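S.K.: Have a look at this one before I ask anything.
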Amino acid sequence: MSRFQPITFFDRQPAEEQAQYELLPFRFTPLDDERYVATNLAGEYRLIEREPLQKLVDGELRATDPQYVELRARHFLTDAHSKMAADLLAIKVRTRHERLSQWTGLHMFVLTLRCEHACPYCQVSRQSEDKESFDMSREHAAKALALALRSPNPAIKLEFQGGESFLNFDLMKYIVLRAKEENSKLPVPKDLAFVAATNLAVITDEMLDFCGEHDVGISTSLDGPRDLHNKNRPRPGGDSYERTITGIRKVRQKLGRTSASALMTTTAESLPRVKEIINEYLEQEFHGIFLRPLSPYGFAMKTKFYRAYDATRWLRFYDEGLDYIIELNRQGVDFLEYYSATILAKMLTSRDPGYVDLMSPAGIGIGGVVYNYDGTVYAGDEARMLAEMGDTTFKLGTVNDSFETLFTNESLLDALDQSFAYSAPMCHDCAFEPWCGADPVFHWGQQKDFVGRKPESEFCQRNMHIFKGLIRRMEEDTFVRQLFTRWANLC
């Protein structure tokens, strides 16, 4: 008996007949006057013009129409030749959300609020160096660590924050050593990772030797060329840039070439200088940059830095930077923009990189959790920053509470439930929902609403502009599509 179907099985229907198909769930949003972006539940997308889209939803698309086979392959429709389509789509959706079953992998320890910098856009209420009452105690650290190791996630990252985390270096050492000891006692030890957020101004050889011995990664800030960095990040002596660059070189020398990462923050002074900022990252031999706006928390609000520019002006900055990075790649310079790469991973693959601000359900609590210097537990870094402004909406409890009490806290569950993008007004109908996320802390801080009023939301304005811009660039340029595909698989 033949194992192959007869040739008639593969015959298409006559051109004059309509195809017999059923629609699978999908949404569409206009890209321009003629084209729509259509996405399925797994985030796969197709560009489709108005007329064939109308035919598709009316059940009038023909098997001979150019879009038919592609829409079937991408699980927008199913017919007699694709009986497994719904099951395959379900597998892709499950793969995209597999992180949810692992729960919280990122645990942030605020070792101290002390800092010798005076950055006007700082998102926390920093304290001067000598106020040791703003340091985390060993007792709180031990309890926080016990909570972190209770997470069902098999891979745990402990991130040390401040203030300036290395001003409480003794506690950092204590946590690293205790974490390794306690982890070794677990029936199934976790994959532990450590990273310290630092401005590098006070780091010493002793500190770097310890970090090298125990694989503690270094994350720092680099806002651009010397004059811009020093203006954005002032410190006594006016040498923040010099200390940062010296520190980066020391870290690489002692810990390896890939051990140091850097973040920039866009201030009003940054806006006309995006190419210079990118060139600074190239000069310091970084392989990419995260172009990010100011966040509406802490001193950034008190000093009016956050309102120094609006979303429209920042998007011009972002577009100019992204186009410059694309041009650098055309010239053979291998360099990427990390925020775009994160989005592209969601657009072009079945994976979700787990970036907290682009998760739905929201990343608060289940993507990251913060143990503050005073033992208070918050549902994320932004939640802690909001609390510094007097709003403790996203406080989960303290390190004296049980793991179950903290993570079944009504403050967390209510915010997750209300902000779930798939069922939120306007988000539910948006084609970009599979790539976007829910950020209830941002929306609450701006509008006192977990979901946010979308037409007034800078979160939506920024992301929708970026989503559409990435699609246009890919559709108009083969080189860009190949570049973006590579970025998606790197993230």
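Here, A, B, ... name the chains of the structure tokens in the order displayed, residue numbers run from 1 inside each chain, and ligands are numbered from 1 in the same displayed order.
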Kindly provide the residues of region 160-193 of chain A that approach region 89-108 of chain A to within 10 Å, each paired with its closest atom pair and their distance in Å to one decimal, based on only C-alpha atoms, listed by chain and increasing number, as a Markdown table.
M.R.:
| residue | atom | partner | partner_atom | distance |
| --- | --- | --- | --- | --- |
| A:Phe160 | CA | A:Met108 | CA | 5.9 |
| A:Gln161 | CA | A:Met108 | CA | 6.8 |
| A:Gly162 | CA | A:Met108 | CA | 9.9 |
| A:Leu192 | CA | A:Gly105 | CA | 9.7 |
| A:Ala193 | CA | A:Leu106 | CA | 9.5 |
S.K.: Write the residues you've just listed into a file as a PDB file, in the first residue's frame, and include C-alpha atoms for each of them.
M.R.:
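File out_27.pdb, as written:
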ATOM      1  CA  PHE A 160      22.962  43.908  44.052  1.00  0.00           C
ATOM      2  CA  GLN A 161      21.708  47.480  43.886  1.00  0.00           C
ATOM      3  CA  GLY A 162      21.977  50.803  45.671  1.00  0.00           C
ATOM      4  CA  LEU A 192      23.001  30.769  40.647  1.00  0.00           C
ATOM      5  CA  ALA A 193      24.179  33.979  38.981  1.00  0.00           C
TER       6      ALA A 193
END
S.K.: Tell me which protein, DNA and RNA residues are within 10 Å of Ser221 (chain A), counting only C-alpha atoms, leaving out same-chain ones fewer than 3 positions away, and put them as a list of chain:residue names.
M.R.: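 So the residues in contact are A:Ala197, A:Thr198, A:Asn199, A:Leu200, A:Gly224, A:His229, A:Arg233, A:Tyr241, A:Thr244, A:Ser261, A:Ala262, A:Leu263, A:Met264, A:Thr265.
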S.K.: Could you save the residues just selected, with N, CA, C and O atoms, as a compact mmCIF listing (two decimals), in the first residue's frame?
M.R.:
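The file below, selection-v8.txt, is the result:
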# COMPACT_ATOMS: atom_id res chain seq x y z
N ALA A 197 25.16 46.16 40.35
CA ALA A 197 24.97 47.44 39.68
C ALA A 197 25.83 48.48 40.40
O ALA A 197 25.72 48.64 41.63
N THR A 198 26.68 49.18 39.66
CA THR A 198 27.65 50.08 40.27
C THR A 198 28.03 51.19 39.31
O THR A 198 28.01 51.01 38.09
N ASN A 199 28.40 52.34 39.88
CA ASN A 199 28.94 53.42 39.03
C ASN A 199 30.46 53.29 38.86
O ASN A 199 31.07 54.10 38.16
N LEU A 200 31.06 52.30 39.51
CA LEU A 200 32.49 51.97 39.41
C LEU A 200 33.42 53.00 40.04
O LEU A 200 34.64 52.84 40.00
N GLY A 224 27.30 58.57 27.78
CA GLY A 224 27.80 59.14 26.53
C GLY A 224 29.21 59.69 26.69
O GLY A 224 29.95 59.25 27.58
N HIS A 229 28.32 62.68 30.08
CA HIS A 229 28.26 61.77 31.22
C HIS A 229 28.48 62.54 32.53
O HIS A 229 27.75 62.33 33.51
N ARG A 233 25.81 62.79 35.46
CA ARG A 233 26.14 61.98 36.63
C ARG A 233 27.25 62.67 37.45
O ARG A 233 28.38 62.17 37.54
N TYR A 241 33.05 60.30 34.60
CA TYR A 241 33.38 59.62 33.34
C TYR A 241 34.72 58.91 33.44
O TYR A 241 34.86 57.73 33.07
N THR A 244 34.47 55.85 35.54
CA THR A 244 33.69 54.81 34.87
C THR A 244 34.54 54.09 33.83
O THR A 244 34.57 52.85 33.78
N SER A 261 28.71 45.23 31.57
CA SER A 261 27.65 45.76 30.71
C SER A 261 27.37 47.20 31.14
O SER A 261 27.72 47.60 32.25
N ALA A 262 26.75 47.96 30.25
CA ALA A 262 26.49 49.37 30.56
C ALA A 262 25.10 49.78 30.08
O ALA A 262 24.58 49.24 29.10
N LEU A 263 24.50 50.72 30.81
CA LEU A 263 23.20 51.29 30.45
C LEU A 263 23.33 52.80 30.34
O LEU A 263 24.10 53.42 31.08
N MET A 264 22.58 53.39 29.42
CA MET A 264 22.51 54.84 29.33
C MET A 264 21.10 55.30 29.67
O MET A 264 20.14 54.53 29.58
N THR A 265 20.98 56.55 30.08
CA THR A 265 19.69 57.16 30.32
C THR A 265 19.61 58.45 29.51
O THR A 265 20.57 59.23 29.50
S.K.: Which is closer to Leu291 (chain A) than all the others in A:Asp477, A:Glu458, A:Asp209, A:Glu337, using only C-alpha atoms?
M.R.: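 Closest to Leu291 (chain A), using only C-alpha atoms: A:Glu337.
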S.K.: Using only C-alpha atoms for the distances, tell me which of A:Gly247, A:Gly452, A:Gly437, A:Gly256 is nearest to Thr204 (chain A).
M.R.: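 Residue with the minimum atom-to-atom distance to Thr204 (chain A): A:Gly247.
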S.K.: Produce a table with one row for each residue of region 22-130 of chain A that has an atom at most 12 Å from any atom of region 459-464 of chain A, each row naming the nearest atom pair and its distance in Å at one decimal; use only C-alpha atoms; arrange rows by chain and rising residue number; format as JSON lines.
M.R.:
{"residue": "A:Thr29", "atom": "CA", "partner": "A:Met464", "partner_atom": "CA", "distance": 10.3}
{"residue": "A:Pro30", "atom": "CA", "partner": "A:Met464", "partner_atom": "CA", "distance": 11.0}
{"residue": "A:Leu31", "atom": "CA", "partner": "A:Met464", "partner_atom": "CA", "distance": 10.1}
{"residue": "A:Val37", "atom": "CA", "partner": "A:Met464", "partner_atom": "CA", "distance": 11.6}
S.K.: Take the residues that were just selected and, keeping N, CA and C atoms, output them as a PDB file, in the first residue's frame.
M.R.:
ATOM      1  N   THR A  29      -4.255  45.516  13.051  1.00  0.00           N
ATOM      2  CA  THR A  29      -4.125  46.942  13.358  1.00  0.00           C
ATOM      3  C   THR A  29      -3.546  47.639  12.129  1.00  0.00           C
ATOM      4  N   PRO A  30      -4.040  48.809  11.763  1.00  0.00           N
ATOM      5  CA  PRO A  30      -3.507  49.493  10.579  1.00  0.00           C
ATOM      6  C   PRO A  30      -2.024  49.846  10.738  1.00  0.00           C
ATOM      7  N   LEU A  31      -1.256  49.603   9.678  1.00  0.00           N
ATOM      8  CA  LEU A  31       0.122  50.077   9.625  1.00  0.00           C
ATOM      9  C   LEU A  31       0.182  51.411   8.897  1.00  0.00           C
ATOM     10  N   VAL A  37      -1.297  45.164   9.966  1.00  0.00           N
ATOM     11  CA  VAL A  37      -0.497  44.148  10.641  1.00  0.00           C
ATOM     12  C   VAL A  37      -1.464  43.181  11.299  1.00  0.00           C
TER      13      VAL A  37
END
S.K.: With only C-alpha atoms as the counted atoms, please give the residues lying no more than 12 Å from Val377 (chain A), apart from itself and same-chain residues fewer than 5 positions off, as a ChimeraX atom specification.
M.R.: /A:107-110,140-141,143-145,147-148,364-365,368-372,383-384,387,392-403,405-407,409,412
S.K.: For the atom pair CA of Gly321 (chain A) and CA of Ile471 (chain A), what is the interatomic distance in Å to one decimal place?
M.R.: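 If I compute the distance from CA of Gly321 (chain A) to CA of Ile471 (chain A), I get 16.6 Å.
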S.K.: Rounded to one decimal in Å, what is the spacing between CA of Arg257 (chain A) and CA of Phe479 (chain A)?
M.R.: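 Between CA of Arg257 (chain A) and CA of Phe479 (chain A) the gap is 28.9 Å.
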S.K.: Given the choices A:Leu470, A:Leu416, A:Cys491, A:Ala311, which gets closest to Pro353 (chain A) if the distance is worked out from only C-alpha atoms?
M.R.: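 Of A:Leu470, A:Leu416, A:Cys491, A:Ala311, the one nearest Pro353 (chain A), counting only C-alpha atoms, is A:Cys491.
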S.K.: Please list as a VMD selection string every residue within 10 Å of region 267-284 of chain A, counting only C-alpha atoms and excluding residues in the same chain fewer than 5 positions away.
M.R.: chain A and resid 120 to 121 222 to 226 228 to 229 231 to 232 245 248 to 249 262 289 to 294 300 305 to 310 313 to 325 333 to 335 337
S.K.: If I take CA of Leu348 (chain A) and CA of Ala488 (chain A), how far is one from the other in Å, to one decimal?
M.R.: 6.5 Å
S.K.: Quick one: everything within 8 Å of Asp374 (chain A), counting only C-alpha atoms, minus sequence neighbours fewer than 5 positions away in the same chain. Send it as a list of chain:residue names.
M.R.: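 Contacts, with the query itself left out: A:Phe134, A:Asp135, A:Met136, A:Ser137, A:His140.
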S.K.: DSSP on the backbone, then: every residue of region 19-158 of chain A marked strand (DSSP E or B), written as a ChimeraX atom specification.
M.R.: /A:21-23,26-30,35-40,45-49,77-79,106-110,112,114,127,135,155-158
S.K.: Mind listing the alpha helix (DSSP H) residues of region 301-397 of chain A, per DSSP on the backbone, as a short mmCIF file (atom, residue, chain, number, x, y, z; two decimals) with all heavy atoms, in the first residue's frame?
M.R.:
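Contents of out-v6.cif, freshly written:
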data_model
loop_
_atom_site.label_atom_id
_atom_site.label_comp_id
_atom_site.auth_asym_id
_atom_site.auth_seq_id
_atom_site.Cartn_x
_atom_site.Cartn_y
_atom_site.Cartn_z
N MET A 301 11.50 62.94 39.05
CA MET A 301 10.27 63.70 39.13
C MET A 301 10.45 64.97 39.96
O MET A 301 10.01 66.04 39.57
CB MET A 301 9.16 62.84 39.75
CG MET A 301 8.76 61.64 38.89
SD MET A 301 8.02 62.12 37.31
CE MET A 301 6.39 62.64 37.86
N LYS A 302 11.16 64.83 41.09
CA LYS A 302 11.34 65.98 41.97
C LYS A 302 12.12 67.10 41.29
O LYS A 302 11.87 68.28 41.52
CB LYS A 302 12.05 65.55 43.25
CG LYS A 302 11.23 64.62 44.14
CD LYS A 302 12.02 64.21 45.38
CE LYS A 302 11.22 63.26 46.24
NZ LYS A 302 11.99 62.81 47.43
N ALA A 311 7.24 61.95 24.98
CA ALA A 311 7.46 60.70 24.25
C ALA A 311 7.78 60.95 22.79
O ALA A 311 8.61 60.27 22.18
CB ALA A 311 6.24 59.79 24.38
N THR A 312 7.13 61.97 22.19
CA THR A 312 7.36 62.26 20.77
C THR A 312 8.81 62.65 20.53
O THR A 312 9.44 62.18 19.57
CB THR A 312 6.41 63.38 20.30
OG1 THR A 312 5.06 62.96 20.49
CG2 THR A 312 6.65 63.71 18.84
N ARG A 313 9.34 63.48 21.40
CA ARG A 313 10.74 63.91 21.22
C ARG A 313 11.69 62.75 21.46
O ARG A 313 12.70 62.60 20.74
CB ARG A 313 11.07 65.06 22.19
CG ARG A 313 12.51 65.59 22.03
CD ARG A 313 12.74 66.16 20.64
NE ARG A 313 14.14 66.49 20.40
CZ ARG A 313 15.04 65.66 19.88
NH1 ARG A 313 14.69 64.40 19.59
NH2 ARG A 313 16.27 66.05 19.67
N TRP A 314 11.41 61.89 22.43
CA TRP A 314 12.30 60.75 22.67
C TRP A 314 12.25 59.79 21.49
O TRP A 314 13.28 59.22 21.12
CB TRP A 314 11.90 60.01 23.95
CG TRP A 314 12.81 58.85 24.20
CD1 TRP A 314 14.05 58.89 24.76
CD2 TRP A 314 12.57 57.49 23.84
NE1 TRP A 314 14.60 57.62 24.78
CE2 TRP A 314 13.71 56.74 24.22
CE3 TRP A 314 11.51 56.82 23.24
CZ2 TRP A 314 13.81 55.37 24.01
CZ3 TRP A 314 11.61 55.45 23.04
CH2 TRP A 314 12.75 54.74 23.43
N LEU A 315 11.10 59.60 20.88
CA LEU A 315 10.99 58.69 19.74
C LEU A 315 11.81 59.19 18.55
O LEU A 315 12.36 58.38 17.79
CB LEU A 315 9.53 58.49 19.36
CG LEU A 315 8.74 57.59 20.32
CD1 LEU A 315 7.25 57.68 20.05
CD2 LEU A 315 9.22 56.15 20.24
N ARG A 316 11.91 60.49 18.37
CA ARG A 316 12.79 61.01 17.31
C ARG A 316 14.25 60.65 17.62
O ARG A 316 15.01 60.27 16.73
CB ARG A 316 12.64 62.52 17.17
CG ARG A 316 11.31 62.96 16.59
CD ARG A 316 11.38 64.34 15.97
NE ARG A 316 11.76 65.38 16.90
CZ ARG A 316 10.90 66.08 17.64
NH1 ARG A 316 9.59 65.83 17.55
NH2 ARG A 316 11.32 67.01 18.46
N PHE A 317 14.61 60.78 18.88
CA PHE A 317 15.95 60.37 19.34
C PHE A 317 16.18 58.89 19.07
O PHE A 317 17.22 58.48 18.54
CB PHE A 317 16.05 60.70 20.83
CG PHE A 317 17.23 60.09 21.55
CD1 PHE A 317 18.44 60.76 21.62
CD2 PHE A 317 17.12 58.86 22.20
CE1 PHE A 317 19.52 60.21 22.30
CE2 PHE A 317 18.18 58.30 22.88
CZ PHE A 317 19.39 58.98 22.93
N TYR A 318 15.18 58.08 19.41
CA TYR A 318 15.30 56.63 19.24
C TYR A 318 15.43 56.26 17.76
O TYR A 318 16.28 55.45 17.37
CB TYR A 318 14.09 55.94 19.87
CG TYR A 318 14.17 54.44 19.81
CD1 TYR A 318 14.78 53.71 20.82
CD2 TYR A 318 13.63 53.73 18.73
CE1 TYR A 318 14.87 52.34 20.77
CE2 TYR A 318 13.71 52.35 18.68
CZ TYR A 318 14.33 51.65 19.69
OH TYR A 318 14.41 50.29 19.63
N ASP A 319 14.57 56.83 16.93
CA ASP A 319 14.60 56.52 15.50
C ASP A 319 15.94 56.92 14.88
O ASP A 319 16.50 56.17 14.07
CB ASP A 319 13.47 57.25 14.78
CG ASP A 319 12.11 56.60 15.00
OD1 ASP A 319 12.08 55.41 15.38
OD2 ASP A 319 11.09 57.27 14.79
N GLU A 320 16.43 58.08 15.25
CA GLU A 320 17.72 58.52 14.72
C GLU A 320 18.83 57.55 15.14
O GLU A 320 19.70 57.18 14.35
CB GLU A 320 18.04 59.94 15.21
CG GLU A 320 19.35 60.48 14.65
CD GLU A 320 19.71 61.85 15.20
OE1 GLU A 320 18.91 62.43 15.97
OE2 GLU A 320 20.82 62.35 14.88
N GLY A 321 18.78 57.12 16.39
CA GLY A 321 19.79 56.19 16.88
C GLY A 321 19.70 54.84 16.21
O GLY A 321 20.72 54.26 15.80
N LEU A 322 18.48 54.31 16.05
CA LEU A 322 18.30 53.00 15.42
C LEU A 322 18.75 53.04 13.96
O LEU A 322 19.44 52.11 13.49
CB LEU A 322 16.85 52.56 15.52
CG LEU A 322 16.50 51.19 14.93
CD1 LEU A 322 17.35 50.09 15.57
CD2 LEU A 322 15.02 50.89 15.10
N ASP A 323 18.39 54.09 13.24
CA ASP A 323 18.80 54.19 11.84
C ASP A 323 20.32 54.30 11.72
O ASP A 323 20.91 53.75 10.78
CB ASP A 323 18.13 55.40 11.18
CG ASP A 323 16.64 55.17 10.93
OD1 ASP A 323 16.22 54.00 10.87
OD2 ASP A 323 15.91 56.16 10.81
N TYR A 324 20.94 54.99 12.65
CA TYR A 324 22.41 55.11 12.63
C TYR A 324 23.05 53.74 12.90
O TYR A 324 24.03 53.36 12.24
CB TYR A 324 22.85 56.12 13.69
CG TYR A 324 24.35 56.33 13.76
CD1 TYR A 324 25.08 56.67 12.63
CD2 TYR A 324 25.03 56.18 14.97
CE1 TYR A 324 26.46 56.87 12.70
CE2 TYR A 324 26.40 56.38 15.04
CZ TYR A 324 27.10 56.72 13.90
OH TYR A 324 28.46 56.91 13.97
N ILE A 325 22.48 52.98 13.82
CA ILE A 325 23.01 51.64 14.12
C ILE A 325 22.85 50.72 12.91
O ILE A 325 23.76 49.93 12.58
CB ILE A 325 22.31 51.06 15.36
CG1 ILE A 325 22.75 51.83 16.62
CG2 ILE A 325 22.61 49.57 15.53
CD1 ILE A 325 21.95 51.50 17.86
N ILE A 326 21.72 50.82 12.22
CA ILE A 326 21.52 50.02 11.00
C ILE A 326 22.58 50.38 9.96
O ILE A 326 23.17 49.51 9.32
CB ILE A 326 20.10 50.24 10.44
CG1 ILE A 326 19.07 49.62 11.38
CG2 ILE A 326 19.97 49.64 9.04
CD1 ILE A 326 17.63 49.97 11.04
N GLU A 327 22.84 51.67 9.81
CA GLU A 327 23.85 52.10 8.84
C GLU A 327 25.24 51.62 9.23
O GLU A 327 26.03 51.23 8.36
CB GLU A 327 23.82 53.63 8.72
CG GLU A 327 24.70 54.19 7.61
CD GLU A 327 24.36 53.61 6.24
OE1 GLU A 327 23.17 53.37 5.95
OE2 GLU A 327 25.31 53.38 5.45
N LEU A 328 25.55 51.61 10.50
CA LEU A 328 26.84 51.08 10.95
C LEU A 328 26.98 49.61 10.55
O LEU A 328 28.04 49.17 10.10
CB LEU A 328 26.97 51.22 12.46
CG LEU A 328 27.20 52.63 13.02
CD1 LEU A 328 27.07 52.63 14.54
CD2 LEU A 328 28.57 53.17 12.61
N ASN A 329 25.89 48.85 10.70
CA ASN A 329 25.93 47.44 10.33
C ASN A 329 26.10 47.26 8.83
O ASN A 329 26.77 46.33 8.38
CB ASN A 329 24.66 46.74 10.82
CG ASN A 329 24.72 46.35 12.29
OD1 ASN A 329 25.18 45.27 12.63
ND2 ASN A 329 24.28 47.24 13.16
N ARG A 330 25.52 48.15 8.04
CA ARG A 330 25.73 48.09 6.59
C ARG A 330 27.21 48.25 6.25
O ARG A 330 27.71 47.68 5.28
CB ARG A 330 24.96 49.22 5.89
CG ARG A 330 23.49 49.02 5.75
CD ARG A 330 22.92 50.09 4.82
NE ARG A 330 21.53 50.32 5.10
CZ ARG A 330 20.54 49.59 4.62
NH1 ARG A 330 20.82 48.54 3.85
NH2 ARG A 330 19.29 49.86 4.92
N TYR A 338 19.50 46.99 21.98
CA TYR A 338 18.97 45.89 22.77
C TYR A 338 17.45 45.91 22.92
O TYR A 338 16.82 44.85 22.98
CB TYR A 338 19.63 45.85 24.15
CG TYR A 338 21.07 45.39 24.12
CD1 TYR A 338 22.10 46.27 24.43
CD2 TYR A 338 21.40 44.09 23.75
CE1 TYR A 338 23.43 45.85 24.40
CE2 TYR A 338 22.72 43.67 23.72
CZ TYR A 338 23.73 44.55 24.04
OH TYR A 338 25.04 44.15 24.00
N TYR A 339 16.85 47.09 22.99
CA TYR A 339 15.40 47.12 23.14
C TYR A 339 14.73 46.60 21.87
O TYR A 339 13.79 45.79 21.93
CB TYR A 339 14.91 48.54 23.46
CG TYR A 339 13.46 48.58 23.88
CD1 TYR A 339 13.02 47.89 25.01
CD2 TYR A 339 12.52 49.30 23.15
CE1 TYR A 339 11.69 47.92 25.40
CE2 TYR A 339 11.17 49.34 23.55
CZ TYR A 339 10.77 48.64 24.67
OH TYR A 339 9.44 48.67 25.06
N SER A 340 15.22 47.05 20.72
CA SER A 340 14.70 46.51 19.46
C SER A 340 14.89 45.01 19.38
O SER A 340 13.99 44.28 18.95
CB SER A 340 15.40 47.18 18.27
OG SER A 340 15.06 48.54 18.16
N ALA A 341 16.07 44.54 19.78
CA ALA A 341 16.35 43.10 19.72
C ALA A 341 15.39 42.31 20.59
O ALA A 341 14.95 41.22 20.22
CB ALA A 341 17.80 42.84 20.13
N THR A 342 15.04 42.85 21.75
CA THR A 342 14.09 42.18 22.64
C THR A 342 12.72 42.06 21.99
O THR A 342 12.08 41.00 22.03
CB THR A 342 13.97 42.96 23.96
OG1 THR A 342 15.26 43.04 24.58
CG2 THR A 342 13.00 42.29 24.91
N ILE A 343 12.26 43.15 21.38
CA ILE A 343 10.97 43.13 20.70
C ILE A 343 11.01 42.18 19.50
O ILE A 343 10.08 41.40 19.27
CB ILE A 343 10.59 44.55 20.25
CG1 ILE A 343 10.35 45.45 21.47
CG2 ILE A 343 9.36 44.53 19.34
CD1 ILE A 343 10.22 46.92 21.13
N LEU A 344 12.10 42.22 18.74
CA LEU A 344 12.23 41.37 17.56
C LEU A 344 12.21 39.89 17.91
O LEU A 344 11.70 39.07 17.15
CB LEU A 344 13.50 41.73 16.79
CG LEU A 344 13.45 43.08 16.07
CD1 LEU A 344 14.85 43.54 15.69
CD2 LEU A 344 12.56 43.01 14.84
N ALA A 345 12.76 39.55 19.08
CA ALA A 345 12.70 38.15 19.52
C ALA A 345 11.26 37.71 19.69
O ALA A 345 10.90 36.56 19.38
CB ALA A 345 13.48 37.97 20.82
N LYS A 346 10.40 38.62 20.16
CA LYS A 346 8.99 38.29 20.33
C LYS A 346 8.26 38.28 19.00
O LYS A 346 7.31 37.53 18.80
CB LYS A 346 8.33 39.29 21.29
CG LYS A 346 8.98 39.34 22.67
CD LYS A 346 8.26 40.26 23.63
CE LYS A 346 7.00 39.64 24.16
NZ LYS A 346 6.40 40.38 25.28
N MET A 347 8.70 39.12 18.06
CA MET A 347 8.05 39.22 16.76
C MET A 347 8.42 38.06 15.84
O MET A 347 7.58 37.57 15.08
CB MET A 347 8.45 40.53 16.08
CG MET A 347 7.89 41.78 16.72
SD MET A 347 8.56 43.29 15.98
CE MET A 347 7.97 43.15 14.30
N LEU A 348 9.68 37.63 15.88
CA LEU A 348 10.22 36.73 14.86
C LEU A 348 10.53 35.32 15.36
O LEU A 348 10.93 34.47 14.58
CB LEU A 348 11.47 37.34 14.23
CG LEU A 348 11.30 38.72 13.60
CD1 LEU A 348 12.63 39.23 13.06
CD2 LEU A 348 10.24 38.70 12.50
N ASP A 381 11.60 46.71 40.78
CA ASP A 381 12.44 47.87 41.04
C ASP A 381 11.63 49.16 40.95
O ASP A 381 11.79 50.07 41.77
CB ASP A 381 13.59 47.89 40.03
CG ASP A 381 14.82 48.58 40.59
OD1 ASP A 381 14.93 48.69 41.82
OD2 ASP A 381 15.66 49.01 39.78
N GLU A 382 10.76 49.26 39.94
CA GLU A 382 9.94 50.46 39.79
C GLU A 382 8.97 50.60 40.96
O GLU A 382 8.65 51.70 41.38
CB GLU A 382 9.18 50.44 38.47
CG GLU A 382 10.04 50.64 37.24
CD GLU A 382 10.82 49.39 36.85
OE1 GLU A 382 10.54 48.31 37.42
OE2 GLU A 382 11.72 49.49 36.01
N ALA A 383 8.49 49.46 41.50
CA ALA A 383 7.61 49.50 42.67
C ALA A 383 8.33 50.08 43.87
O ALA A 383 7.76 50.85 44.66
CB ALA A 383 7.11 48.09 42.99
N ARG A 384 9.60 49.71 44.02
CA ARG A 384 10.41 50.28 45.10
C ARG A 384 10.61 51.78 44.90
O ARG A 384 10.50 52.58 45.84
CB ARG A 384 11.77 49.58 45.11
CG ARG A 384 12.64 49.90 46.31
CD ARG A 384 13.96 50.58 46.07
NE ARG A 384 14.78 50.16 44.99
CZ ARG A 384 16.03 50.59 44.86
NH1 ARG A 384 16.57 51.39 45.75
NH2 ARG A 384 16.75 50.25 43.81
N MET A 385 10.86 52.20 43.65
CA MET A 385 11.04 53.62 43.36
C MET A 385 9.77 54.41 43.62
O MET A 385 9.81 55.53 44.15
CB MET A 385 11.47 53.79 41.90
CG MET A 385 12.81 53.15 41.58
SD MET A 385 13.07 53.08 39.79
CE MET A 385 14.56 52.05 39.71
N LEU A 386 8.62 53.81 43.29
CA LEU A 386 7.35 54.46 43.55
C LEU A 386 7.13 54.63 45.05
O LEU A 386 6.62 55.65 45.52
CB LEU A 386 6.21 53.64 42.93
CG LEU A 386 4.84 54.29 42.85
CD1 LEU A 386 4.86 55.50 41.94
CD2 LEU A 386 3.79 53.29 42.36
N ALA A 387 7.56 53.63 45.81
CA ALA A 387 7.43 53.71 47.27
C ALA A 387 8.29 54.83 47.84
O ALA A 387 7.92 55.46 48.84
CB ALA A 387 7.81 52.37 47.90
N GLU A 388 9.44 55.09 47.21
CA GLU A 388 10.29 56.19 47.66
C GLU A 388 9.58 57.54 47.52
O GLU A 388 9.93 58.51 48.17
CB GLU A 388 11.60 56.21 46.87
CG GLU A 388 12.50 55.01 47.08
CD GLU A 388 13.23 55.06 48.41
OE1 GLU A 388 13.12 56.08 49.11
OE2 GLU A 388 13.89 54.06 48.76
#
S.K.: List the neighbours of Gly212 (chain A) out to 10 Å using only C-alpha atoms; skip same-chain residues closer than 4 positions along the sequence, and give me the result as a tab-separated table (two decimals) with C-alpha atoms, in the first residue's frame.
M.R.:
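What follows is the written file around_6.tsv:
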chain	number	residue	atom	x	y	z
A	206	GLU	CA	40.07	43.65	46.25
A	207	MET	CA	36.43	43.99	45.21
A	208	LEU	CA	37.19	42.95	41.64
A	216	VAL	CA	29.85	38.39	39.94
A	217	GLY	CA	29.03	40.33	36.78
A	251	VAL	CA	36.69	44.89	35.15
A	254	LYS	CA	40.28	41.01	35.79
A	255	LEU	CA	36.93	39.40	34.96
A	256	GLY	CA	37.00	39.00	31.19
A	259	SER	CA	31.91	40.73	32.23
